[in-house]
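> Structure supplied as upload.cif; contents: mmCIF, C-alpha atoms.
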```cif
data_input
loop_
_atom_site.label_atom_id
_atom_site.label_comp_id
_atom_site.auth_asym_id
_atom_site.auth_seq_id
_atom_site.Cartn_x
_atom_site.Cartn_y
_atom_site.Cartn_z
CA MET Y 101 -24.11 -36.68 11.14
CA ILE Y 102 -25.27 -33.28 9.94
CA GLU Y 103 -27.64 -33.07 12.86
CA VAL Y 104 -24.83 -33.92 15.28
CA CYS Y 105 -22.56 -31.26 13.70
CA THR Y 106 -25.36 -28.68 13.83
CA SER Y 107 -25.79 -29.53 17.46
CA CYS Y 108 -22.02 -29.08 18.03
CA MET Y 109 -22.17 -25.68 16.33
CA ALA Y 110 -25.15 -24.57 18.41
CA HIS Y 111 -23.50 -25.93 21.53
CA PHE Y 112 -20.37 -23.94 20.77
CA PHE Y 113 -22.09 -20.60 20.20
CA LEU Y 114 -24.35 -21.03 23.20
CA ASP Y 115 -21.32 -21.42 25.46
CA PRO Y 116 -20.47 -17.91 26.77
CA VAL Y 117 -16.92 -18.93 27.69
CA LYS Y 118 -16.10 -20.09 24.17
CA VAL Y 119 -17.79 -17.11 22.55
CA GLY Y 120 -15.92 -14.86 24.97
CA ILE Y 121 -12.58 -16.42 23.98
CA ILE Y 122 -13.34 -15.78 20.31
CA LEU Y 123 -14.40 -12.19 20.92
CA VAL Y 124 -11.27 -11.49 22.98
CA SER Y 125 -9.13 -12.95 20.20
CA PHE Y 126 -10.76 -10.80 17.49
CA THR Y 127 -10.41 -7.74 19.73
CA VAL Y 128 -6.70 -8.42 20.21
CA SER Y 129 -6.37 -8.85 16.44
CA ILE Y 130 -8.00 -5.50 15.66
CA ALA Y 131 -6.16 -3.74 18.48
CA SER Y 132 -2.77 -5.02 17.32
CA LEU Y 133 -3.51 -3.88 13.76
CA LEU Y 134 -4.50 -0.41 14.94
CA PHE Y 135 -1.41 -0.24 17.11
CA LEU Y 136 0.65 -1.29 14.08
CA ILE Y 137 -0.77 1.61 12.07
CA TRP Y 138 -0.52 4.28 14.77
CA LYS Y 139 2.64 3.34 16.63
CA LYS Y 140 5.64 5.40 15.65
CA GLY Y 141 9.09 3.92 15.44
CA SER Y 142 11.09 1.53 13.28
CA PHE Y 143 9.21 -1.13 11.38
CA GLU Y 144 11.44 -3.90 12.72
CA LYS Y 145 10.04 -3.25 16.19
CA LYS Y 146 6.51 -3.58 14.84
CA ILE Y 147 7.08 -7.07 13.39
CA PRO Y 148 5.90 -8.86 16.57
CA LEU Y 149 2.62 -6.88 16.26
CA ILE Y 150 2.12 -8.32 12.77
CA TYR Y 151 2.40 -11.85 14.09
CA LEU Y 152 0.21 -11.04 17.10
CA HIS Y 153 -2.47 -9.70 14.72
CA LEU Y 154 -2.26 -12.79 12.49
CA PHE Y 155 -2.24 -15.15 15.44
CA ALA Y 156 -5.28 -13.50 17.07
CA LEU Y 157 -7.08 -13.52 13.69
CA ILE Y 158 -6.48 -17.21 12.97
CA PHE Y 159 -6.91 -18.42 16.55
CA PRO Y 160 -10.76 -18.21 16.65
CA PHE Y 161 -11.17 -20.41 13.57
CA LEU Y 162 -8.77 -23.07 14.80
CA PHE Y 163 -10.27 -22.87 18.28
CA TYR Y 164 -13.75 -23.42 16.83
CA MET Y 165 -12.53 -26.40 14.78
CA PHE Y 166 -10.78 -28.09 17.68
CA ALA Y 167 -13.59 -27.38 20.15
CA THR Y 168 -16.38 -28.67 17.91
CA GLY Y 169 -14.20 -31.61 16.85
CA CYS Y 170 -13.59 -32.46 20.48
CA GLU Y 171 -17.33 -32.15 21.24
CA PHE Y 172 -18.16 -34.38 18.30
CA LEU Y 173 -15.67 -37.06 19.32
CA PHE Y 174 -15.70 -36.99 23.10
CA ARG Y 175 -18.94 -35.22 24.05
CA SER Y 176 -17.45 -33.52 27.11
CA CYS Y 177 -15.10 -30.73 26.19
CA SER Y 178 -16.48 -27.88 28.20
CA THR Y 179 -14.47 -28.42 31.35
CA THR Y 180 -11.80 -25.84 32.15
CA ARG Y 181 -9.10 -28.45 31.69
CA SER Y 182 -10.35 -29.41 28.20
CA LEU Y 183 -10.66 -25.77 27.21
CA LEU Y 184 -7.12 -25.01 28.34
CA THR Y 185 -5.83 -28.06 26.46
CA ILE Y 186 -7.64 -26.96 23.31
CA ILE Y 187 -6.33 -23.41 23.66
CA MET Y 188 -2.77 -24.70 24.09
CA ILE Y 189 -3.04 -26.93 21.02
CA VAL Y 190 -4.48 -24.07 18.96
CA VAL Y 191 -1.76 -21.66 20.12
CA LEU Y 192 0.96 -24.13 19.14
CA THR Y 193 -0.69 -24.91 15.79
CA THR Y 194 -1.03 -21.22 14.92
CA ILE Y 195 2.55 -20.43 15.89
CA ILE Y 196 3.88 -23.36 13.90
CA ALA Y 197 1.73 -22.51 10.86
CA THR Y 198 2.61 -18.83 10.66
CA SER Y 199 6.23 -18.79 11.73
CA ILE Y 200 7.54 -22.16 10.60
CA ILE Y 201 5.35 -23.79 7.95
CA ALA Y 202 4.55 -20.66 5.94
CA PRO Y 203 8.22 -19.55 5.60
CA ILE Y 204 9.24 -23.11 4.70
CA LEU Y 205 6.55 -23.34 2.01
CA PHE Y 206 7.60 -19.95 0.68
CA PHE Y 207 11.25 -21.04 0.61
CA VAL Y 208 10.59 -24.47 -0.93
CA LYS Y 209 8.44 -22.90 -3.67
CA TYR Y 210 11.47 -21.01 -4.97
CA VAL Y 211 14.09 -23.68 -4.26
CA ARG Y 212 12.14 -26.10 -6.46
CA LYS Y 213 12.50 -23.68 -9.38
CA SER Y 214 16.21 -23.12 -8.73
CA ASN Y 215 19.63 -24.70 -8.90
CA ARG Y 216 21.86 -24.25 -5.90
CA LEU Y 217 25.26 -22.99 -7.04
CA SER Y 218 28.42 -24.36 -5.48
CA ARG Y 219 30.88 -22.77 -7.92
CA GLY Y 220 31.03 -20.32 -10.80
CA LEU Y 221 30.95 -16.55 -11.14
CA LEU Y 222 27.84 -15.82 -9.04
CA HIS Y 223 28.91 -18.13 -6.24
CA GLU Y 224 32.43 -16.66 -6.07
CA MET Y 225 31.00 -13.15 -6.19
CA ALA Y 226 28.68 -13.89 -3.25
CA ALA Y 227 31.52 -15.52 -1.30
CA ARG Y 228 33.91 -12.55 -1.74
CA LYS Y 229 31.31 -9.92 -0.94
CA SER Y 230 29.98 -11.82 2.09
CA LEU Y 231 33.49 -11.81 3.51
CA LEU Y 232 33.75 -8.09 2.84
CA LEU Y 233 30.41 -7.42 4.57
CA GLY Y 234 31.33 -9.60 7.53
CA ILE Y 235 28.53 -12.11 7.09
CA LYS Y 236 28.52 -15.85 6.57
CA LYS Y 237 28.13 -16.71 2.89
CA PRO Y 238 24.50 -17.53 2.23
CA HIS Y 239 23.37 -20.26 -0.15
CA VAL Y 240 23.25 -18.96 -3.71
CA TYR Y 241 20.44 -20.14 -5.96
CA LEU Y 242 19.98 -19.57 -9.67
CA LEU Y 243 16.26 -19.21 -10.28
CA ASN Y 244 15.08 -20.79 -13.52
CA ASP Y 245 13.14 -17.75 -14.69
CA ALA Y 246 13.71 -15.42 -17.65
CA GLU Y 247 12.29 -12.44 -15.74
CA PRO Y 248 15.05 -10.39 -14.12
CA THR Y 249 14.59 -10.79 -10.39
CA ALA Y 250 16.65 -11.17 -7.25
CA PHE Y 251 15.75 -11.53 -3.59
CA ALA Y 252 17.17 -12.64 -0.28
CA PHE Y 253 15.76 -14.98 2.32
CA SER Y 254 17.10 -14.91 5.85
CA LYS Y 255 14.75 -17.20 7.75
CA PHE Y 256 16.17 -20.70 8.50
CA LYS Y 257 18.68 -21.01 5.63
CA LYS Y 258 20.11 -17.64 4.63
CA SER Y 259 19.94 -17.58 0.84
CA ILE Y 260 20.00 -15.29 -2.14
CA PHE Y 261 18.14 -16.03 -5.35
CA ILE Y 262 19.22 -14.58 -8.69
CA SER Y 263 17.22 -15.37 -11.82
CA ALA Y 264 18.86 -16.61 -15.03
CA GLY Y 265 17.05 -13.77 -16.80
CA LEU Y 266 18.88 -11.26 -14.63
CA ALA Y 267 22.25 -12.93 -15.29
CA ASP Y 268 21.46 -12.72 -19.03
CA LEU Y 269 20.80 -8.98 -18.95
CA LEU Y 270 23.42 -7.56 -16.62
CA SER Y 271 27.14 -7.01 -16.99
CA LYS Y 272 29.49 -8.45 -14.39
CA LYS Y 273 29.68 -5.19 -12.43
CA GLU Y 274 25.90 -4.70 -12.55
CA LEU Y 275 25.39 -8.25 -11.28
CA GLU Y 276 27.88 -7.57 -8.51
CA ALA Y 277 25.85 -4.51 -7.45
CA VAL Y 278 22.70 -6.66 -7.24
CA VAL Y 279 24.49 -9.40 -5.28
CA ILE Y 280 25.80 -6.84 -2.75
CA HIS Y 281 22.29 -5.35 -2.49
CA GLU Y 282 20.82 -8.78 -1.65
CA LEU Y 283 23.63 -9.57 0.81
CA ALA Y 284 22.86 -6.24 2.48
CA HIS Y 285 19.27 -7.44 3.03
CA ILE Y 286 20.66 -10.51 4.78
CA ARG Y 287 23.03 -8.43 6.88
CA ASN Y 288 20.20 -6.04 7.84
CA ASP Y 289 17.77 -8.96 8.27
CA SER Y 290 15.34 -6.96 6.15
CA SER Y 291 13.96 -9.97 4.35
CA MET Y 292 12.09 -10.52 7.62
CA VAL Y 293 10.38 -7.15 7.07
CA LYS Y 294 9.41 -8.04 3.50
CA PHE Y 295 8.25 -11.52 4.42
CA SER Y 296 6.20 -10.25 7.36
CA THR Y 297 4.41 -7.63 5.24
CA PHE Y 298 3.79 -10.29 2.61
CA MET Y 299 2.25 -12.62 5.23
CA LEU Y 300 0.13 -9.78 6.62
CA LYS Y 301 -1.26 -8.84 3.21
CA ALA Y 302 -1.77 -12.49 2.23
CA LEU Y 303 -3.58 -13.62 5.40
CA SER Y 304 -5.33 -10.59 6.84
CA PRO Y 305 -8.33 -9.07 5.02
CA PHE Y 306 -7.95 -5.99 7.25
CA ALA Y 307 -4.45 -5.32 5.97
CA THR Y 308 -5.43 -5.49 2.29
CA PHE Y 309 -5.74 -1.73 2.07
CA MET Y 310 -2.61 -0.94 4.02
CA THR Y 311 0.53 0.01 2.21
CA PHE Y 312 4.03 -0.50 3.49
CA HIS Y 313 5.80 1.47 0.81
CA ASP Y 314 7.69 3.66 3.26
CA GLU Y 315 8.92 0.73 5.30
CA LEU Y 316 9.91 -1.37 2.30
CA ASN Y 317 11.50 1.60 0.52
CA HIS Y 318 13.54 2.32 3.63
CA GLU Y 319 14.95 -1.23 3.56
CA GLU Y 320 15.63 -0.97 -0.19
CA ARG Y 321 17.44 2.37 0.28
CA LYS Y 322 19.62 0.89 3.03
CA ALA Y 323 20.59 -2.04 0.79
CA ASP Y 324 21.25 0.31 -2.16
CA ALA Y 325 23.45 2.53 0.04
CA LEU Y 326 25.61 -0.43 1.02
CA ALA Y 327 26.01 -1.57 -2.59
CA VAL Y 328 27.06 1.94 -3.62
CA LYS Y 329 29.46 2.17 -0.69
CA VAL Y 330 31.15 -1.16 -1.52
CA GLN Y 331 31.47 -0.45 -5.24
CA GLY Y 332 32.40 3.19 -4.71
CA THR Y 333 29.90 4.33 -7.35
CA ARG Y 334 26.16 4.19 -7.96
CA ARG Y 335 26.68 3.74 -11.70
CA TYR Y 336 26.33 -0.05 -11.82
CA LEU Y 337 23.40 -0.30 -9.44
CA LYS Y 338 21.58 2.44 -11.37
CA SER Y 339 22.14 0.81 -14.75
CA ALA Y 340 21.09 -2.60 -13.36
CA LYS Y 341 17.81 -1.10 -12.10
CA MET Y 342 17.24 0.66 -15.43
CA LYS Y 343 17.67 -2.61 -17.33
CA ILE Y 344 15.25 -4.39 -15.00
CA GLU Y 345 12.65 -1.62 -15.37
CA ASP Y 346 13.17 -1.60 -19.13
CA PHE Y 347 12.50 -5.36 -19.34
CA TYR Y 348 9.12 -5.00 -17.66
CA ARG Y 349 8.27 -1.97 -19.76
CA LYS Y 350 9.16 -3.82 -22.97
CA LYS Y 351 7.11 -6.79 -21.78
CA GLU Y 352 4.03 -4.53 -21.84
CA GLU Y 353 4.92 -2.72 -25.06
CA LEU Y 354 6.06 -5.54 -27.33
CA MET N 101 -1.88 -29.08 -31.12
CA LYS N 102 -1.44 -25.44 -30.23
CA ASN N 103 -4.07 -22.91 -31.27
CA ILE N 104 -3.49 -21.13 -34.55
CA GLU N 105 -3.33 -17.87 -32.62
CA ASP N 106 -0.01 -19.06 -31.24
CA PHE N 107 1.51 -19.14 -34.69
CA GLU N 108 -0.63 -16.75 -36.67
CA ALA N 109 1.11 -13.48 -36.02
CA LEU N 110 4.83 -13.46 -35.57
CA SER N 111 5.84 -9.90 -34.94
CA PRO N 112 8.70 -8.63 -37.13
CA LEU N 113 11.12 -8.86 -34.19
CA GLU N 114 9.99 -12.41 -33.36
CA ALA N 115 10.48 -13.38 -37.00
CA ASP N 116 13.96 -11.82 -37.05
CA VAL N 117 14.96 -13.69 -33.88
CA LEU N 118 13.68 -17.01 -35.26
CA LYS N 119 15.49 -16.45 -38.57
CA ILE N 120 18.75 -16.23 -36.62
CA LEU N 121 18.01 -19.36 -34.62
CA TRP N 122 16.48 -21.45 -37.39
CA PRO N 123 19.55 -22.87 -39.01
CA SER N 124 19.70 -25.15 -35.92
CA ARG N 125 21.63 -22.68 -33.89
CA SER N 126 21.73 -22.41 -30.13
CA MET N 127 22.62 -18.99 -28.82
CA THR N 128 22.57 -16.78 -25.77
CA VAL N 129 20.41 -13.66 -25.54
CA ARG N 130 23.47 -11.50 -25.92
CA LYS N 131 24.72 -13.27 -29.07
CA ILE N 132 21.33 -12.89 -30.76
CA TYR N 133 21.31 -9.22 -29.74
CA ASP N 134 24.80 -8.71 -31.18
CA ARG N 135 23.64 -10.21 -34.50
CA LEU N 136 20.49 -8.14 -34.69
CA ARG N 137 21.66 -4.73 -33.57
CA GLY N 138 23.62 -4.23 -36.76
CA LYS N 139 20.40 -4.70 -38.77
CA ARG N 140 17.86 -2.86 -36.65
CA ASP N 141 17.47 -0.58 -33.66
CA VAL N 142 16.84 -3.00 -30.81
CA ALA N 143 17.61 -3.25 -27.09
CA LEU N 144 19.00 -6.26 -25.22
CA THR N 145 15.89 -6.22 -23.00
CA SER N 146 13.65 -6.48 -26.10
CA ILE N 147 15.49 -9.61 -27.23
CA ALA N 148 15.18 -11.11 -23.74
CA VAL N 149 11.42 -10.40 -23.69
CA ILE N 150 10.90 -11.83 -27.19
CA LEU N 151 12.87 -15.00 -26.46
CA ASP N 152 10.91 -15.63 -23.27
CA ARG N 153 7.68 -15.13 -25.21
CA LEU N 154 8.78 -17.55 -27.96
CA TYR N 155 9.71 -20.05 -25.25
CA LYS N 156 6.27 -19.78 -23.66
CA ARG N 157 4.67 -20.24 -27.09
CA GLY N 158 6.66 -23.44 -27.58
CA LEU N 159 8.59 -22.18 -30.58
CA VAL N 160 11.98 -22.26 -28.89
CA ASP N 161 13.44 -24.16 -25.99
CA ARG N 162 16.18 -23.22 -23.56
CA SER N 163 18.70 -24.69 -21.21
CA MET N 164 20.95 -23.21 -18.57
CA GLU N 165 24.60 -23.64 -19.31
CA ALA N 166 27.77 -22.50 -17.67
CA ALA N 167 29.61 -19.99 -19.82
CA LYS N 168 32.67 -17.85 -19.32
CA GLY N 169 30.70 -15.02 -17.72
CA GLY N 170 28.57 -17.31 -15.56
CA ILE N 171 25.41 -19.29 -16.17
CA ARG N 172 23.25 -18.22 -19.08
CA TYR N 173 20.16 -19.35 -20.94
CA ILE N 174 20.96 -20.95 -24.29
CA TYR N 175 18.00 -20.75 -26.69
CA PHE N 176 17.43 -23.10 -29.61
CA PRO N 177 14.52 -23.64 -31.98
CA LYS N 178 12.05 -26.43 -31.20
CA LYS N 179 11.16 -26.80 -34.87
CA ASP N 180 13.09 -25.90 -37.98
CA LYS N 181 11.67 -23.38 -40.42
CA LYS N 182 10.08 -26.01 -42.64
CA GLN N 183 8.34 -27.77 -39.72
CA PHE N 184 7.13 -24.41 -38.40
CA GLU N 185 5.68 -23.44 -41.78
CA GLN N 186 4.02 -26.86 -42.09
CA THR N 187 2.41 -26.40 -38.68
CA VAL N 188 1.13 -22.94 -39.59
CA VAL N 189 -0.34 -24.22 -42.87
CA GLN N 190 -1.89 -27.30 -41.21
CA ASP N 191 -3.48 -25.22 -38.47
CA ALA N 192 -4.80 -22.66 -40.99
CA VAL N 193 -6.35 -25.38 -43.18
CA ASP N 194 -7.81 -27.22 -40.16
CA ARG N 195 -9.39 -24.01 -38.94
CA LEU N 196 -10.90 -23.21 -42.34
CA ILE N 197 -12.40 -26.68 -42.60
CA GLU N 198 -13.73 -26.46 -39.06
CA LYS N 199 -15.32 -23.10 -39.75
CA PHE N 200 -16.60 -23.54 -43.30
CA GLY N 201 -16.97 -27.31 -43.52
CA PRO N 202 -17.94 -28.64 -46.98
CA THR N 203 -17.38 -25.22 -48.63
CA ALA N 204 -13.73 -25.34 -47.66
CA THR N 205 -13.19 -29.01 -48.56
CA ASN N 206 -14.88 -28.54 -51.95
CA TYR N 207 -12.67 -25.57 -52.68
CA PHE N 208 -9.51 -27.51 -51.80
CA ASN N 209 -10.63 -30.43 -53.95
CA GLU N 210 -11.28 -28.14 -56.92
CA ARG N 211 -8.12 -26.16 -56.39
CA PHE N 212 -5.76 -29.08 -56.10
CA GLY N 213 -7.74 -31.20 -58.55
CA ARG N 214 -7.21 -28.46 -61.22
CA LYS N 215 -3.46 -28.44 -60.47
#
```
Taking this structure as input, can you express it in the form of structure tokens?

Amino acid sequence: MIEVCTSCMAHFFLDPVKVGIILVSFTVSIASLLFLIWKKGSFEKKIPLIYLHLFALIFPFLFYMFATGCEFLFRSCSTTRSLLTIIMIVVLTTIIATSIIAPILFFVKYVRKSNRLSRGLLHEMAARKSLLLGIKKPHVYLLNDAEPTAFAFSKFKKSIFISAGLADLLSKKELEAVVIHELAHIRNDSSMVKFSTFMLKALSPFATFMTFHDELNHEERKADALAVKVQGTRRYLKSAKMKIEDFYRKKEEL
Amino acid sequence: MKNIEDFEALSPLEADVLKILWPSRSMTVRKIYDRLRGKRDVALTSIAVILDRLYKRGLVDRSMEAAKGGIRYIYFPKKDKKQFEQTVVQDAVDRLIEKFGPTATNYFNERFGRK
């Protein structure tokens, strides 16, 4: 079996068409990353480049697997028709993996640690403020975690997650400021920006050294501005942030 | 059984928090903070950090309960003070015997035989 697989591998890399497809894919991956770095303009418009880069990076590996698997099983996968079929399958698999499966796994990971709220202070707060912001009320989850954290998720099921630790630390007004901040992310669809940069850093070795501080800070500032506007003061948002920072500082010191 | 390091050093703040919880009390972070801040200079965030640490060490447990101001963690001790002290003593003795073998057992025999 090892000899057959070795033969498949050799057969693959001796085929100029297949090697050409892989080289083109890697070139597109590098080019899209460079374009992502150099292109000016809003980050939201660059999000498709992130997924193009990831797709073109993952495609060669999946293409190799399907092509050698096909060769191993059927022995005649070098016709144009077979190649096009393999390419189509790989394209679909990559798209499904990066834009459907990965977000679902990310979402399920946090839902499993959370309770979905259907009533109570946090739920009512989110309902009132969603109405005020002109958005549909997202699902509200209480994350079973003592660390003070909150985030929004706007792919598939729009949701906000607030940790029990955060609810323990903040006053009602401070919690309201955080809830409005997270609802603002849903309204601005900025969780897509955060999630996309997370995927890029997680899956692409080339993006490891890139920073997206400016882009992420811009989204955070927009959400902060909306919270301040709705509450009419930055007092509660500021004190909420100070308490969160203080928790993590104390965690190191104590 | 947990390692002795888990029980060996309770910081003064950890000890103070446990002393409040030990008479079988269950309390929120804020209630423990309100009790302690009269006795020492402490921040709410410090209490939250300490309680989470005690939870991870298995010394306290917690549940989420709906309260007037929303859902909160309620912390309660996993062992009472006597059980905790017994565990610390047991672990210390076990470690001495493991490390010093017959020297330790002979000492204990002489010590408690004399008594």
> Just how far from atom CA of Y:Val211 is atom CA of Y:Val240, in Å to one decimal?
10.3 Å
> Got a sec to pull out which chain Y residues are within 10 Å of chain N, counting all atoms listed in the file, and send them as a ChimeraX atom specification?
/Y:215,217,219-223,242,244-248,263-272,343-354
> Which residues fall under the PyMOL selection byres ((chain Y and resi 226) around 8) in this file, as a count of residues only?
14
> Would you kindly return, as a list of chain:residue names, each protein, DNA or RNA residue with an atom no farther than 7 Å from any atom of stretch 186-202 of chain Y, considering all atoms listed in the file and excluding same-chain residues fewer than 3 positions away?
Y:Phe155, Y:Phe159, Y:Leu162, Y:Phe163, Y:Phe166, Y:Ala167, Y:Ser182, Y:Leu183, Y:Leu205, Y:Phe206
> Please, what distance in Å, to one decimal, runs between atom CA of Y:Phe161 and atom CA of Y:Phe207?
25.9 Å
> Take atom CA of Y:Pro148 and atom CA of Y:Lys255 and report the distance between them in Å, one decimal.
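Between atom CA of Y:Pro148 and atom CA of Y:Lys255 the gap is 15.0 Å.
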> Skipping near chain neighbours, those fewer than 4 positions away, what residues fall within 7 Å of stretch 258-260 of chain Y using all atoms listed in the file, listed as a ChimeraX atom specification?
/Y:238-241,251-254,282
> Counting only C-alpha atoms, figure out which residue out of Y:Ile204, Y:Val124, Y:Ala325, Y:Ile286 gets nearest to Y:Ile235.
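Distance minimum relative to Y:Ile235 lands on Y:Ile286.
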> Apply the PyMOL selection byres ((chain N and resi 183-185) around 12) to the file shown and report the selected residues as a PyMOL selection string.
chain N and resi 102+104+106-108+110+115+118-119+122+158-160+177-182+186-192
> Name the residues that the PyMOL selection byres ((chain Y and resi 290) around 9) picks from the file above, as a PyMOL selection string, using the file's chain letters and numbers.
chain Y and resi 144+252-254+284-289+291-295+316+319-320+323
> With all atoms listed in the file as the counted atoms, please give the residues lying no more than 12 Å from Y:Thr333, apart from itself and same-chain residues fewer than 4 positions off, as a ChimeraX atom specification.
/Y:273-274,277,324-329,337-339
> Those residues you just picked out, can you put them in a file as an mmCIF file, in the frame of the given file with C-alpha atoms?

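Dumped everything to again29.cif:
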```
data_model
loop_
_atom_site.group_PDB
_atom_site.id
_atom_site.type_symbol
_atom_site.label_atom_id
_atom_site.label_comp_id
_atom_site.auth_asym_id
_atom_site.auth_seq_id
_atom_site.Cartn_x
_atom_site.Cartn_y
_atom_site.Cartn_z
ATOM 1 C CA LYS Y 273 29.680 -5.190 -12.430
ATOM 2 C CA GLU Y 274 25.900 -4.700 -12.550
ATOM 3 C CA ALA Y 277 25.850 -4.510 -7.450
ATOM 4 C CA ASP Y 324 21.250 0.310 -2.160
ATOM 5 C CA ALA Y 325 23.450 2.530 0.040
ATOM 6 C CA LEU Y 326 25.610 -0.430 1.020
ATOM 7 C CA ALA Y 327 26.010 -1.570 -2.590
ATOM 8 C CA VAL Y 328 27.060 1.940 -3.620
ATOM 9 C CA LYS Y 329 29.460 2.170 -0.690
ATOM 10 C CA LEU Y 337 23.400 -0.300 -9.440
ATOM 11 C CA LYS Y 338 21.580 2.440 -11.370
ATOM 12 C CA SER Y 339 22.140 0.810 -14.750
#
```
> For each of Y:Ser214, Y:Ser304, Y:Ser296, Y:Ser142, take the minimum atom-to-atom distance to Y:Phe261, counting only C-alpha atoms, then give the residue where this is smallest.
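So, comparing all the options, the nearest one is Y:Ser214.
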